[in-house]
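**Q** Input structure: target-v8.txt, which contains compact mmCIF, N, CA and C atoms.
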```txt
# COMPACT_ATOMS: atom_id res chain seq x y z
N MET A 1401 2.74 -23.85 -22.04
CA MET A 1401 2.85 -22.67 -21.17
C MET A 1401 1.73 -22.72 -20.14
N GLY A 1402 2.06 -22.59 -18.88
CA GLY A 1402 1.06 -22.63 -17.82
C GLY A 1402 0.24 -21.34 -17.75
N SER A 1403 -1.00 -21.46 -17.29
CA SER A 1403 -1.87 -20.29 -17.22
C SER A 1403 -1.38 -19.29 -16.20
N SER A 1404 -0.54 -19.73 -15.24
CA SER A 1404 -0.04 -18.80 -14.23
C SER A 1404 0.83 -17.72 -14.87
N LYS A 1405 1.47 -18.05 -16.00
CA LYS A 1405 2.27 -17.04 -16.69
C LYS A 1405 1.38 -16.03 -17.41
N LEU A 1406 0.24 -16.50 -17.94
CA LEU A 1406 -0.66 -15.60 -18.64
C LEU A 1406 -1.30 -14.60 -17.67
N HIS A 1407 -1.70 -15.11 -16.50
CA HIS A 1407 -2.45 -14.29 -15.55
C HIS A 1407 -1.66 -14.19 -14.25
N ALA A 1408 -0.91 -13.11 -14.09
CA ALA A 1408 -0.10 -12.93 -12.89
C ALA A 1408 -0.24 -11.48 -12.43
N ILE A 1409 -1.03 -11.29 -11.40
CA ILE A 1409 -1.27 -9.95 -10.87
C ILE A 1409 -0.59 -9.84 -9.51
N ARG A 1410 0.21 -8.79 -9.32
CA ARG A 1410 0.90 -8.54 -8.06
C ARG A 1410 0.31 -7.26 -7.44
N ILE A 1411 0.03 -7.31 -6.14
CA ILE A 1411 -0.63 -6.19 -5.47
C ILE A 1411 0.21 -5.72 -4.30
N ASN A 1412 0.44 -4.42 -4.24
CA ASN A 1412 1.18 -3.80 -3.15
C ASN A 1412 0.32 -2.70 -2.54
N VAL A 1413 0.28 -2.64 -1.20
CA VAL A 1413 -0.57 -1.66 -0.52
C VAL A 1413 0.26 -0.87 0.49
N GLU A 1414 0.06 0.45 0.50
CA GLU A 1414 0.62 1.31 1.53
C GLU A 1414 -0.52 2.01 2.23
N THR A 1415 -0.44 2.13 3.58
CA THR A 1415 -1.53 2.74 4.33
C THR A 1415 -1.06 4.01 5.02
N HIS A 1416 -2.02 4.87 5.34
CA HIS A 1416 -1.73 6.15 5.99
C HIS A 1416 -2.91 6.52 6.88
N PHE A 1417 -2.64 6.77 8.16
CA PHE A 1417 -3.67 7.23 9.08
C PHE A 1417 -3.98 8.70 8.78
N VAL A 1418 -5.27 9.04 8.68
CA VAL A 1418 -5.68 10.40 8.33
C VAL A 1418 -6.31 11.04 9.56
N GLU A 1419 -5.48 11.78 10.30
CA GLU A 1419 -5.92 12.35 11.57
C GLU A 1419 -7.07 13.34 11.40
N GLU A 1420 -7.00 14.16 10.35
CA GLU A 1420 -8.02 15.20 10.17
C GLU A 1420 -9.40 14.65 9.81
N LYS A 1421 -9.48 13.40 9.34
CA LYS A 1421 -10.78 12.78 9.05
C LYS A 1421 -11.23 11.86 10.16
N SER A 1422 -10.37 11.68 11.18
CA SER A 1422 -10.68 10.77 12.28
C SER A 1422 -11.25 11.55 13.45
N SER A 1423 -12.00 10.85 14.30
CA SER A 1423 -12.54 11.43 15.52
C SER A 1423 -12.32 10.42 16.64
N ILE A 1424 -11.16 10.53 17.28
CA ILE A 1424 -10.76 9.54 18.27
C ILE A 1424 -11.75 9.47 19.43
N GLU A 1425 -12.27 10.63 19.85
CA GLU A 1425 -13.23 10.63 20.97
C GLU A 1425 -14.55 9.94 20.60
N HIS A 1426 -14.82 9.79 19.29
CA HIS A 1426 -16.02 9.07 18.83
C HIS A 1426 -15.67 7.70 18.23
N ASN A 1427 -14.45 7.23 18.50
CA ASN A 1427 -14.01 5.93 17.98
C ASN A 1427 -14.18 5.80 16.47
N ARG A 1428 -13.73 6.83 15.76
CA ARG A 1428 -13.73 6.79 14.30
C ARG A 1428 -12.30 7.04 13.83
N TYR A 1429 -11.74 6.04 13.19
CA TYR A 1429 -10.35 6.09 12.74
C TYR A 1429 -10.34 5.92 11.23
N PHE A 1430 -9.84 6.93 10.53
CA PHE A 1430 -9.89 6.93 9.06
C PHE A 1430 -8.49 6.66 8.51
N PHE A 1431 -8.43 5.78 7.52
CA PHE A 1431 -7.17 5.41 6.89
C PHE A 1431 -7.30 5.52 5.38
N ASN A 1432 -6.26 6.07 4.75
CA ASN A 1432 -6.12 5.98 3.30
C ASN A 1432 -5.27 4.76 3.00
N TYR A 1433 -5.54 4.14 1.88
CA TYR A 1433 -4.67 3.07 1.39
C TYR A 1433 -4.43 3.29 -0.09
N THR A 1434 -3.17 3.16 -0.48
CA THR A 1434 -2.77 3.31 -1.88
C THR A 1434 -2.39 1.93 -2.39
N VAL A 1435 -3.07 1.51 -3.44
CA VAL A 1435 -2.88 0.17 -4.00
C VAL A 1435 -2.22 0.30 -5.36
N THR A 1436 -1.17 -0.50 -5.57
CA THR A 1436 -0.55 -0.62 -6.88
C THR A 1436 -0.79 -2.05 -7.37
N ILE A 1437 -1.46 -2.14 -8.52
CA ILE A 1437 -1.80 -3.42 -9.12
C ILE A 1437 -0.90 -3.57 -10.35
N SER A 1438 -0.01 -4.56 -10.32
CA SER A 1438 0.94 -4.76 -11.42
C SER A 1438 0.57 -6.03 -12.19
N ASN A 1439 0.60 -5.91 -13.50
CA ASN A 1439 0.32 -7.07 -14.35
C ASN A 1439 1.66 -7.69 -14.74
N ASP A 1440 2.02 -8.78 -14.05
CA ASP A 1440 3.24 -9.51 -14.38
C ASP A 1440 2.96 -10.64 -15.37
N GLY A 1441 1.73 -10.70 -15.87
CA GLY A 1441 1.35 -11.74 -16.81
C GLY A 1441 1.71 -11.37 -18.24
N LEU A 1442 1.29 -12.22 -19.16
CA LEU A 1442 1.64 -12.04 -20.57
C LEU A 1442 0.56 -11.35 -21.39
N ILE A 1443 -0.66 -11.22 -20.82
CA ILE A 1443 -1.74 -10.60 -21.59
C ILE A 1443 -2.45 -9.56 -20.73
N PRO A 1444 -3.09 -8.56 -21.37
CA PRO A 1444 -3.81 -7.54 -20.62
C PRO A 1444 -4.92 -8.14 -19.77
N ALA A 1445 -5.18 -7.51 -18.63
CA ALA A 1445 -6.25 -7.95 -17.73
C ALA A 1445 -6.98 -6.73 -17.20
N GLN A 1446 -8.31 -6.83 -17.15
CA GLN A 1446 -9.14 -5.73 -16.67
C GLN A 1446 -9.67 -6.03 -15.28
N LEU A 1447 -9.56 -5.05 -14.39
CA LEU A 1447 -10.15 -5.15 -13.07
C LEU A 1447 -11.64 -4.83 -13.21
N VAL A 1448 -12.48 -5.81 -12.90
CA VAL A 1448 -13.92 -5.65 -13.08
C VAL A 1448 -14.60 -5.24 -11.78
N SER A 1449 -14.24 -5.92 -10.67
CA SER A 1449 -14.89 -5.61 -9.39
C SER A 1449 -13.93 -5.90 -8.24
N ARG A 1450 -14.37 -5.51 -7.03
CA ARG A 1450 -13.54 -5.66 -5.84
C ARG A 1450 -14.36 -6.29 -4.74
N HIS A 1451 -13.67 -6.95 -3.83
CA HIS A 1451 -14.28 -7.52 -2.63
C HIS A 1451 -13.28 -7.33 -1.49
N TRP A 1452 -13.64 -6.49 -0.52
CA TRP A 1452 -12.80 -6.22 0.64
C TRP A 1452 -13.44 -6.82 1.88
N VAL A 1453 -12.62 -7.30 2.80
CA VAL A 1453 -13.05 -7.65 4.15
C VAL A 1453 -12.23 -6.76 5.09
N ILE A 1454 -12.93 -5.92 5.85
CA ILE A 1454 -12.30 -4.95 6.73
C ILE A 1454 -12.65 -5.34 8.17
N THR A 1455 -11.62 -5.50 8.99
CA THR A 1455 -11.81 -6.00 10.36
C THR A 1455 -11.16 -5.05 11.35
N ASP A 1456 -11.88 -4.72 12.44
CA ASP A 1456 -11.28 -3.87 13.45
C ASP A 1456 -10.69 -4.71 14.58
N ALA A 1457 -10.13 -4.06 15.60
CA ALA A 1457 -9.46 -4.77 16.68
C ALA A 1457 -10.43 -5.56 17.55
N ASN A 1458 -11.73 -5.28 17.45
CA ASN A 1458 -12.75 -6.02 18.19
C ASN A 1458 -13.24 -7.24 17.40
N GLU A 1459 -12.53 -7.56 16.31
CA GLU A 1459 -12.89 -8.68 15.44
C GLU A 1459 -14.24 -8.47 14.74
N GLU A 1460 -14.68 -7.21 14.67
CA GLU A 1460 -15.90 -6.91 13.91
C GLU A 1460 -15.49 -6.64 12.47
N SER A 1461 -16.14 -7.36 11.54
CA SER A 1461 -15.79 -7.25 10.13
C SER A 1461 -16.97 -6.73 9.32
N PHE A 1462 -16.64 -6.06 8.25
CA PHE A 1462 -17.66 -5.76 7.25
C PHE A 1462 -17.03 -5.93 5.88
N GLU A 1463 -17.89 -6.20 4.92
CA GLU A 1463 -17.44 -6.45 3.56
C GLU A 1463 -17.85 -5.32 2.65
N VAL A 1464 -17.01 -5.04 1.69
CA VAL A 1464 -17.31 -4.05 0.66
C VAL A 1464 -17.14 -4.73 -0.68
N LYS A 1465 -18.21 -4.72 -1.48
CA LYS A 1465 -18.16 -5.29 -2.83
C LYS A 1465 -18.66 -4.23 -3.79
N GLY A 1466 -18.09 -4.21 -4.97
CA GLY A 1466 -18.57 -3.25 -5.95
C GLY A 1466 -17.80 -3.34 -7.25
N LEU A 1467 -18.32 -2.66 -8.24
CA LEU A 1467 -17.67 -2.63 -9.54
C LEU A 1467 -16.46 -1.71 -9.49
N GLY A 1468 -15.38 -2.15 -10.10
CA GLY A 1468 -14.20 -1.33 -10.28
C GLY A 1468 -13.60 -0.83 -8.98
N VAL A 1469 -12.71 0.15 -9.13
CA VAL A 1469 -12.09 0.85 -8.01
C VAL A 1469 -12.10 2.33 -8.34
N VAL A 1470 -12.41 3.16 -7.38
CA VAL A 1470 -12.52 4.62 -7.54
C VAL A 1470 -13.19 5.00 -8.87
N GLY A 1471 -14.28 4.28 -9.18
CA GLY A 1471 -15.07 4.59 -10.36
C GLY A 1471 -14.47 4.14 -11.68
N GLU A 1472 -13.41 3.35 -11.64
CA GLU A 1472 -12.77 2.91 -12.87
C GLU A 1472 -12.69 1.39 -12.90
N GLN A 1473 -12.60 0.86 -14.12
CA GLN A 1473 -12.34 -0.57 -14.34
C GLN A 1473 -11.12 -0.64 -15.26
N PRO A 1474 -9.94 -0.43 -14.67
CA PRO A 1474 -8.75 -0.27 -15.51
C PRO A 1474 -8.35 -1.54 -16.24
N LEU A 1475 -7.92 -1.37 -17.48
CA LEU A 1475 -7.30 -2.43 -18.26
C LEU A 1475 -5.80 -2.27 -18.09
N ILE A 1476 -5.16 -3.29 -17.48
CA ILE A 1476 -3.74 -3.18 -17.15
C ILE A 1476 -2.95 -4.04 -18.13
N GLN A 1477 -2.08 -3.37 -18.87
CA GLN A 1477 -1.26 -4.06 -19.88
C GLN A 1477 -0.15 -4.86 -19.20
N PRO A 1478 0.38 -5.89 -19.88
CA PRO A 1478 1.52 -6.62 -19.32
C PRO A 1478 2.68 -5.67 -18.99
N HIS A 1479 3.32 -5.90 -17.87
CA HIS A 1479 4.47 -5.11 -17.40
C HIS A 1479 4.10 -3.67 -17.07
N GLU A 1480 2.82 -3.41 -16.87
CA GLU A 1480 2.38 -2.08 -16.45
C GLU A 1480 1.63 -2.20 -15.13
N SER A 1481 1.44 -1.05 -14.48
CA SER A 1481 0.77 -1.00 -13.18
C SER A 1481 -0.33 0.04 -13.19
N TYR A 1482 -1.26 -0.12 -12.28
CA TYR A 1482 -2.32 0.86 -12.05
C TYR A 1482 -2.32 1.15 -10.55
N THR A 1483 -2.30 2.43 -10.19
CA THR A 1483 -2.26 2.83 -8.78
C THR A 1483 -3.45 3.73 -8.48
N TYR A 1484 -4.09 3.50 -7.33
CA TYR A 1484 -5.17 4.37 -6.88
C TYR A 1484 -5.12 4.47 -5.36
N THR A 1485 -5.78 5.51 -4.85
CA THR A 1485 -5.88 5.70 -3.40
C THR A 1485 -7.35 5.78 -3.02
N SER A 1486 -7.71 5.07 -1.96
CA SER A 1486 -9.06 5.11 -1.42
C SER A 1486 -8.94 5.18 0.09
N GLY A 1487 -10.07 5.04 0.78
CA GLY A 1487 -10.02 5.14 2.23
C GLY A 1487 -11.11 4.33 2.89
N THR A 1488 -10.93 4.10 4.20
CA THR A 1488 -11.93 3.40 4.99
C THR A 1488 -11.88 3.91 6.42
N GLU A 1489 -12.98 3.70 7.13
CA GLU A 1489 -13.06 4.10 8.53
C GLU A 1489 -13.38 2.86 9.37
N ILE A 1490 -12.68 2.73 10.50
CA ILE A 1490 -12.96 1.64 11.43
C ILE A 1490 -13.15 2.23 12.83
N ASN A 1491 -13.62 1.41 13.77
CA ASN A 1491 -13.95 1.88 15.12
C ASN A 1491 -12.84 1.71 16.14
N THR A 1492 -11.68 1.21 15.71
CA THR A 1492 -10.55 1.00 16.61
C THR A 1492 -9.29 1.56 15.96
N PRO A 1493 -8.25 1.86 16.77
CA PRO A 1493 -7.04 2.44 16.19
C PRO A 1493 -6.22 1.46 15.35
N VAL A 1494 -6.55 0.17 15.43
CA VAL A 1494 -5.84 -0.84 14.65
C VAL A 1494 -6.87 -1.76 14.01
N GLY A 1495 -6.60 -2.17 12.79
CA GLY A 1495 -7.45 -3.13 12.10
C GLY A 1495 -6.70 -3.73 10.95
N SER A 1496 -7.43 -4.44 10.10
CA SER A 1496 -6.79 -5.05 8.93
C SER A 1496 -7.77 -5.09 7.76
N MET A 1497 -7.21 -5.26 6.58
CA MET A 1497 -8.00 -5.41 5.37
C MET A 1497 -7.38 -6.50 4.50
N HIS A 1498 -8.23 -7.22 3.78
CA HIS A 1498 -7.78 -8.13 2.74
C HIS A 1498 -8.94 -8.35 1.79
N GLY A 1499 -8.67 -9.03 0.69
CA GLY A 1499 -9.76 -9.28 -0.24
C GLY A 1499 -9.26 -9.77 -1.57
N SER A 1500 -9.99 -9.39 -2.62
CA SER A 1500 -9.60 -9.81 -3.96
C SER A 1500 -10.20 -8.86 -5.00
N TYR A 1501 -9.53 -8.82 -6.13
CA TYR A 1501 -10.06 -8.14 -7.30
C TYR A 1501 -10.49 -9.21 -8.29
N GLN A 1502 -11.67 -9.02 -8.88
CA GLN A 1502 -12.14 -9.93 -9.89
C GLN A 1502 -11.67 -9.37 -11.24
N MET A 1503 -10.89 -10.17 -11.92
CA MET A 1503 -10.22 -9.75 -13.15
C MET A 1503 -10.77 -10.55 -14.33
N VAL A 1504 -10.70 -9.94 -15.52
CA VAL A 1504 -10.98 -10.66 -16.76
C VAL A 1504 -9.84 -10.34 -17.72
N SER A 1505 -9.18 -11.40 -18.20
CA SER A 1505 -8.06 -11.18 -19.11
C SER A 1505 -8.56 -11.05 -20.54
N GLU A 1506 -7.68 -10.56 -21.40
CA GLU A 1506 -8.04 -10.32 -22.80
C GLU A 1506 -8.52 -11.59 -23.51
N ASP A 1507 -8.08 -12.77 -23.02
CA ASP A 1507 -8.53 -14.03 -23.64
C ASP A 1507 -9.87 -14.51 -23.08
N GLY A 1508 -10.51 -13.69 -22.23
CA GLY A 1508 -11.83 -14.02 -21.71
C GLY A 1508 -11.83 -14.79 -20.40
N THR A 1509 -10.66 -15.10 -19.88
CA THR A 1509 -10.55 -15.86 -18.63
C THR A 1509 -10.85 -14.94 -17.44
N SER A 1510 -11.77 -15.38 -16.57
CA SER A 1510 -12.03 -14.66 -15.32
C SER A 1510 -11.19 -15.29 -14.22
N PHE A 1511 -10.60 -14.46 -13.38
CA PHE A 1511 -9.81 -14.98 -12.26
C PHE A 1511 -9.79 -13.94 -11.15
N ASP A 1512 -9.50 -14.40 -9.94
CA ASP A 1512 -9.39 -13.50 -8.79
C ASP A 1512 -7.93 -13.20 -8.51
N ALA A 1513 -7.63 -11.95 -8.28
CA ALA A 1513 -6.30 -11.53 -7.82
C ALA A 1513 -6.42 -11.28 -6.32
N GLU A 1514 -5.76 -12.11 -5.53
CA GLU A 1514 -5.86 -12.00 -4.08
C GLU A 1514 -5.12 -10.76 -3.57
N ILE A 1515 -5.76 -10.06 -2.64
CA ILE A 1515 -5.14 -8.91 -1.98
C ILE A 1515 -4.68 -9.40 -0.61
N PRO A 1516 -3.36 -9.50 -0.38
CA PRO A 1516 -2.89 -10.00 0.90
C PRO A 1516 -3.32 -9.09 2.05
N MET A 1517 -3.48 -9.68 3.23
CA MET A 1517 -3.89 -8.89 4.39
C MET A 1517 -2.84 -7.82 4.71
N PHE A 1518 -3.33 -6.62 5.04
CA PHE A 1518 -2.44 -5.56 5.51
C PHE A 1518 -3.07 -4.90 6.73
N ILE A 1519 -2.23 -4.25 7.50
CA ILE A 1519 -2.65 -3.68 8.80
C ILE A 1519 -2.94 -2.19 8.64
N LEU A 1520 -4.04 -1.77 9.29
CA LEU A 1520 -4.35 -0.35 9.46
C LEU A 1520 -3.98 -0.02 10.90
N SER A 1521 -3.11 0.96 11.10
CA SER A 1521 -2.68 1.25 12.46
C SER A 1521 -2.42 2.73 12.64
N MET A 1522 -3.07 3.30 13.65
CA MET A 1522 -2.83 4.70 14.00
C MET A 1522 -1.45 4.79 14.64
N PRO A 1523 -0.60 5.73 14.19
CA PRO A 1523 0.70 5.84 14.84
C PRO A 1523 0.54 6.25 16.29
N ARG A 1524 1.38 5.73 17.13
CA ARG A 1524 1.38 6.11 18.54
C ARG A 1524 2.11 7.43 18.70
N THR A 1525 1.51 8.35 19.44
CA THR A 1525 2.15 9.65 19.64
C THR A 1525 2.57 9.78 21.10
N LEU A 1526 3.72 10.37 21.30
CA LEU A 1526 4.23 10.59 22.65
C LEU A 1526 3.90 12.01 23.08
N HIS A 1527 3.45 12.16 24.31
CA HIS A 1527 3.13 13.50 24.82
C HIS A 1527 4.05 13.85 25.95
```
So that I can check it, write out the structure of this file as structure tokens.

**A**
Amino acid sequence: MGSSKLHAIRINVETHFVEEKSSIEHNRYFFNYTVTISNDGLIPAQLVSRHWVITDANEESFEVKGLGVVGEQPLIQPHESYTYTSGTEINTPVGSMHGSYQMVSEDGTSFDAEIPMFILSMPRTLH
């Protein structure tokens, strides 16, 4: 049996522009993102830490690293998911995020679950 079957994490992200937390005249654009982390593997895996790369439309990037997500280090059982919502602020109306979660499976194996790049975009409004 290949290790890819034991450790298979699938990540889905939905984003939402938060107008009431943004200040367009000060170039502050706030976005919520809701992440669903699904364990498609055969054994439980715990999310230990995160590493995000956040980039604005000016190609300015910053990194966020830390333990867990929203103060938790969830243990995700096989065929189960964990969902959380967090937020970030960038200096342009459009940007992107990607990164990885550092996971440890029940058998002691450490591995990274890649977070595919997703777009942060303020909706265009017609006046």

**Q** Tell me, in Å to one decimal, how far CA of Ala1513 (chain A) is from CA of Ile1409 (chain A).

**A**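 Rounded to one decimal, the two atoms are 6.1 Å apart.
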
**Q** Hey, which of A:Glu1472, A:Glu1480, A:Glu1514, A:Glu1463 ends up closest to Ile1411 (chain A)? Count only C-alpha atoms.

**A** A:Glu1514

**Q** Please run DSSP on the backbone and report, as a PyMOL selection string, all residues within region 1430-1496 of chain A that come out as strand (DSSP E or B).

**A** chain A and resi 1430-1439+1445-1456+1461-1467+1469+1472+1475-1476+1481-1490+1494-1496

**Q** Please report the interatomic distance between CA of Thr1455 (chain A) and CA of Glu1425 (chain A) in Å with one decimal.

**A** 19.8 Å

**Q** Of the residues A:Gln1446, A:Ser1521, A:Ser1481, A:Ser1500, which is the one nearest to Phe1430 (chain A), using only C-alpha atoms?

**A**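 For Phe1430 (chain A), the nearest of the candidates is A:Ser1521.
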
**Q** Based on DSSP run over this structure's backbone, return all residues of chain A in alpha helix (DSSP H), as a list of chain:residue names.

**A**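 These are the residues in question: A:Ser1403, A:Ser1404, A:Lys1405, A:Leu1406.
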
**Q** Print the selection's residues with N, CA and C atoms to a file, as an mmCIF file, in the coordinates of the input.

**A**
```cif
data_model
loop_
_atom_site.group_PDB
_atom_site.id
_atom_site.type_symbol
_atom_site.label_atom_id
_atom_site.label_comp_id
_atom_site.auth_asym_id
_atom_site.auth_seq_id
_atom_site.Cartn_x
_atom_site.Cartn_y
_atom_site.Cartn_z
ATOM 1 N N SER A 1403 -1.000 -21.460 -17.290
ATOM 2 C CA SER A 1403 -1.870 -20.290 -17.220
ATOM 3 C C SER A 1403 -1.380 -19.290 -16.200
ATOM 4 N N SER A 1404 -0.540 -19.730 -15.240
ATOM 5 C CA SER A 1404 -0.040 -18.800 -14.230
ATOM 6 C C SER A 1404 0.830 -17.720 -14.870
ATOM 7 N N LYS A 1405 1.470 -18.050 -16.000
ATOM 8 C CA LYS A 1405 2.270 -17.040 -16.690
ATOM 9 C C LYS A 1405 1.380 -16.030 -17.410
ATOM 10 N N LEU A 1406 0.240 -16.500 -17.940
ATOM 11 C CA LEU A 1406 -0.660 -15.600 -18.640
ATOM 12 C C LEU A 1406 -1.300 -14.600 -17.670
#
```

**Q** In Å to one decimal, how far is atom N of Leu1475 (chain A) from CA of Met1497 (chain A)?

**A**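 Interatomic distance, CA of Met1497 (chain A) to atom N of Leu1475 (chain A): 23.2 Å.
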
**Q** Phe1518 (chain A): which residues within 8 Å, counting all atoms listed in the file, same-chain residues fewer than 5 positions away excluded, as a ChimeraX atom specification?

**A** /A:1413,1495-1499

**Q** Which one is closest to Pro1474 (chain A): A:Ile1454, A:Leu1520, A:Ile1490, A:Ile1437? Count only C-alpha atoms.

**A**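 That would be A:Ile1437, the residue with the smallest distance to Pro1474 (chain A).
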
**Q** For Gln1502 (chain A), which residue among A:Ser1438, A:Asn1432, A:Ser1423, A:Ser1449 is the nearest when counting all atoms listed in the file?

**A**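 With all atoms listed in the file as the atom set, the closest residue is A:Ser1449.
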
**Q** Any idea what's packed within 8 Å of Glu1506 (chain A), counting only N, CA and C atoms, ignoring anything in its chain fewer than 6 positions away? Could you give it as a CSV table (one decimal) with N, CA and C atoms, in the frame of the given file?

**A**
```
chain,number,residue,atom,x,y,z
A,1443,ILE,N,-0.7,-11.2,-20.8
A,1443,ILE,CA,-1.7,-10.6,-21.6
A,1443,ILE,C,-2.4,-9.6,-20.7
A,1444,PRO,N,-3.1,-8.6,-21.4
A,1444,PRO,CA,-3.8,-7.5,-20.6
A,1444,PRO,C,-4.9,-8.1,-19.8
A,1445,ALA,N,-5.2,-7.5,-18.6
A,1445,ALA,CA,-6.2,-8.0,-17.7
A,1445,ALA,C,-7.0,-6.7,-17.2
A,1446,GLN,N,-8.3,-6.8,-17.2
A,1446,GLN,CA,-9.1,-5.7,-16.7
A,1446,GLN,C,-9.7,-6.0,-15.3
```

**Q** Which polymer residues, whether protein, DNA or RNA, lie within 8 Å of the coordinate (-2.9, -12.8, -14.9) when you count all atoms listed in the file? List them as JSON, numbers by chain, using the chain letters and numbers from the file.

**A** {"A": [1403, 1404, 1405, 1406, 1407, 1408, 1409, 1410, 1439, 1440, 1441, 1442, 1443, 1444, 1445, 1504, 1505, 1511, 1513]}

**Q** Looking at A:Thr1415, A:Asn1427, A:Ser1422, A:Gln1477, which one is nearest to Asn1491 (chain A), with distances taken over all atoms listed in the file?

**A**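 With all atoms listed in the file as the atom set, the closest residue is A:Asn1427.
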
**Q** Can you take the partial region 1492-1498 of chain A, add all heavy atoms, and return it as a PDB file, keeping the file's coordinate frame?

**A**
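Generated output (rebuild-v6.pdb):
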```
ATOM      1  N   THR A1492     -11.680   1.210  15.710  1.00  0.00           N
ATOM      2  CA  THR A1492     -10.550   1.000  16.610  1.00  0.00           C
ATOM      3  C   THR A1492      -9.290   1.560  15.960  1.00  0.00           C
ATOM      4  O   THR A1492      -9.242   1.725  14.743  1.00  0.00           O
ATOM      5  CB  THR A1492     -10.360  -0.501  16.917  1.00  0.00           C
ATOM      6  OG1 THR A1492     -10.144  -1.195  15.690  1.00  0.00           O
ATOM      7  CG2 THR A1492     -11.576  -1.090  17.641  1.00  0.00           C
ATOM      8  N   PRO A1493      -8.250   1.860  16.770  1.00  0.00           N
ATOM      9  CA  PRO A1493      -7.040   2.440  16.190  1.00  0.00           C
ATOM     10  C   PRO A1493      -6.220   1.460  15.350  1.00  0.00           C
ATOM     11  O   PRO A1493      -5.312   1.868  14.636  1.00  0.00           O
ATOM     12  CB  PRO A1493      -6.233   2.922  17.389  1.00  0.00           C
ATOM     13  CG  PRO A1493      -6.880   2.366  18.601  1.00  0.00           C
ATOM     14  CD  PRO A1493      -8.244   1.878  18.233  1.00  0.00           C
ATOM     15  N   VAL A1494      -6.550   0.170  15.430  1.00  0.00           N
ATOM     16  CA  VAL A1494      -5.840  -0.840  14.650  1.00  0.00           C
ATOM     17  C   VAL A1494      -6.870  -1.760  14.010  1.00  0.00           C
ATOM     18  O   VAL A1494      -7.878  -2.098  14.628  1.00  0.00           O
ATOM     19  CB  VAL A1494      -4.880  -1.661  15.545  1.00  0.00           C
ATOM     20  CG1 VAL A1494      -4.199  -2.757  14.739  1.00  0.00           C
ATOM     21  CG2 VAL A1494      -3.844  -0.761  16.204  1.00  0.00           C
ATOM     22  N   GLY A1495      -6.600  -2.170  12.790  1.00  0.00           N
ATOM     23  CA  GLY A1495      -7.450  -3.130  12.100  1.00  0.00           C
ATOM     24  C   GLY A1495      -6.700  -3.730  10.950  1.00  0.00           C
ATOM     25  O   GLY A1495      -5.484  -3.554  10.821  1.00  0.00           O
ATOM     26  N   SER A1496      -7.430  -4.440  10.100  1.00  0.00           N
ATOM     27  CA  SER A1496      -6.790  -5.050   8.930  1.00  0.00           C
ATOM     28  C   SER A1496      -7.770  -5.090   7.760  1.00  0.00           C
ATOM     29  O   SER A1496      -8.983  -4.953   7.945  1.00  0.00           O
ATOM     30  CB  SER A1496      -6.308  -6.463   9.247  1.00  0.00           C
ATOM     31  OG  SER A1496      -7.413  -7.319   9.485  1.00  0.00           O
ATOM     32  N   MET A1497      -7.210  -5.260   6.580  1.00  0.00           N
ATOM     33  CA  MET A1497      -8.000  -5.410   5.370  1.00  0.00           C
ATOM     34  C   MET A1497      -7.380  -6.500   4.500  1.00  0.00           C
ATOM     35  O   MET A1497      -6.167  -6.678   4.499  1.00  0.00           O
ATOM     36  CB  MET A1497      -8.023  -4.107   4.553  1.00  0.00           C
ATOM     37  CG  MET A1497      -8.835  -2.995   5.169  1.00  0.00           C
ATOM     38  SD  MET A1497      -8.772  -1.454   4.194  1.00  0.00           S
ATOM     39  CE  MET A1497      -9.614  -1.926   2.677  1.00  0.00           C
ATOM     40  N   HIS A1498      -8.230  -7.220   3.780  1.00  0.00           N
ATOM     41  CA  HIS A1498      -7.780  -8.130   2.740  1.00  0.00           C
ATOM     42  C   HIS A1498      -8.940  -8.350   1.790  1.00  0.00           C
ATOM     43  O   HIS A1498     -10.049  -7.899   2.051  1.00  0.00           O
ATOM     44  CB  HIS A1498      -7.272  -9.463   3.323  1.00  0.00           C
ATOM     45  CG  HIS A1498      -8.371 -10.320   3.875  1.00  0.00           C
ATOM     46  ND1 HIS A1498      -8.885 -10.148   5.133  1.00  0.00           N
ATOM     47  CD2 HIS A1498      -9.054 -11.349   3.327  1.00  0.00           C
ATOM     48  CE1 HIS A1498      -9.838 -11.037   5.344  1.00  0.00           C
ATOM     49  NE2 HIS A1498      -9.968 -11.776   4.261  1.00  0.00           N
TER      50      HIS A1498
END
```
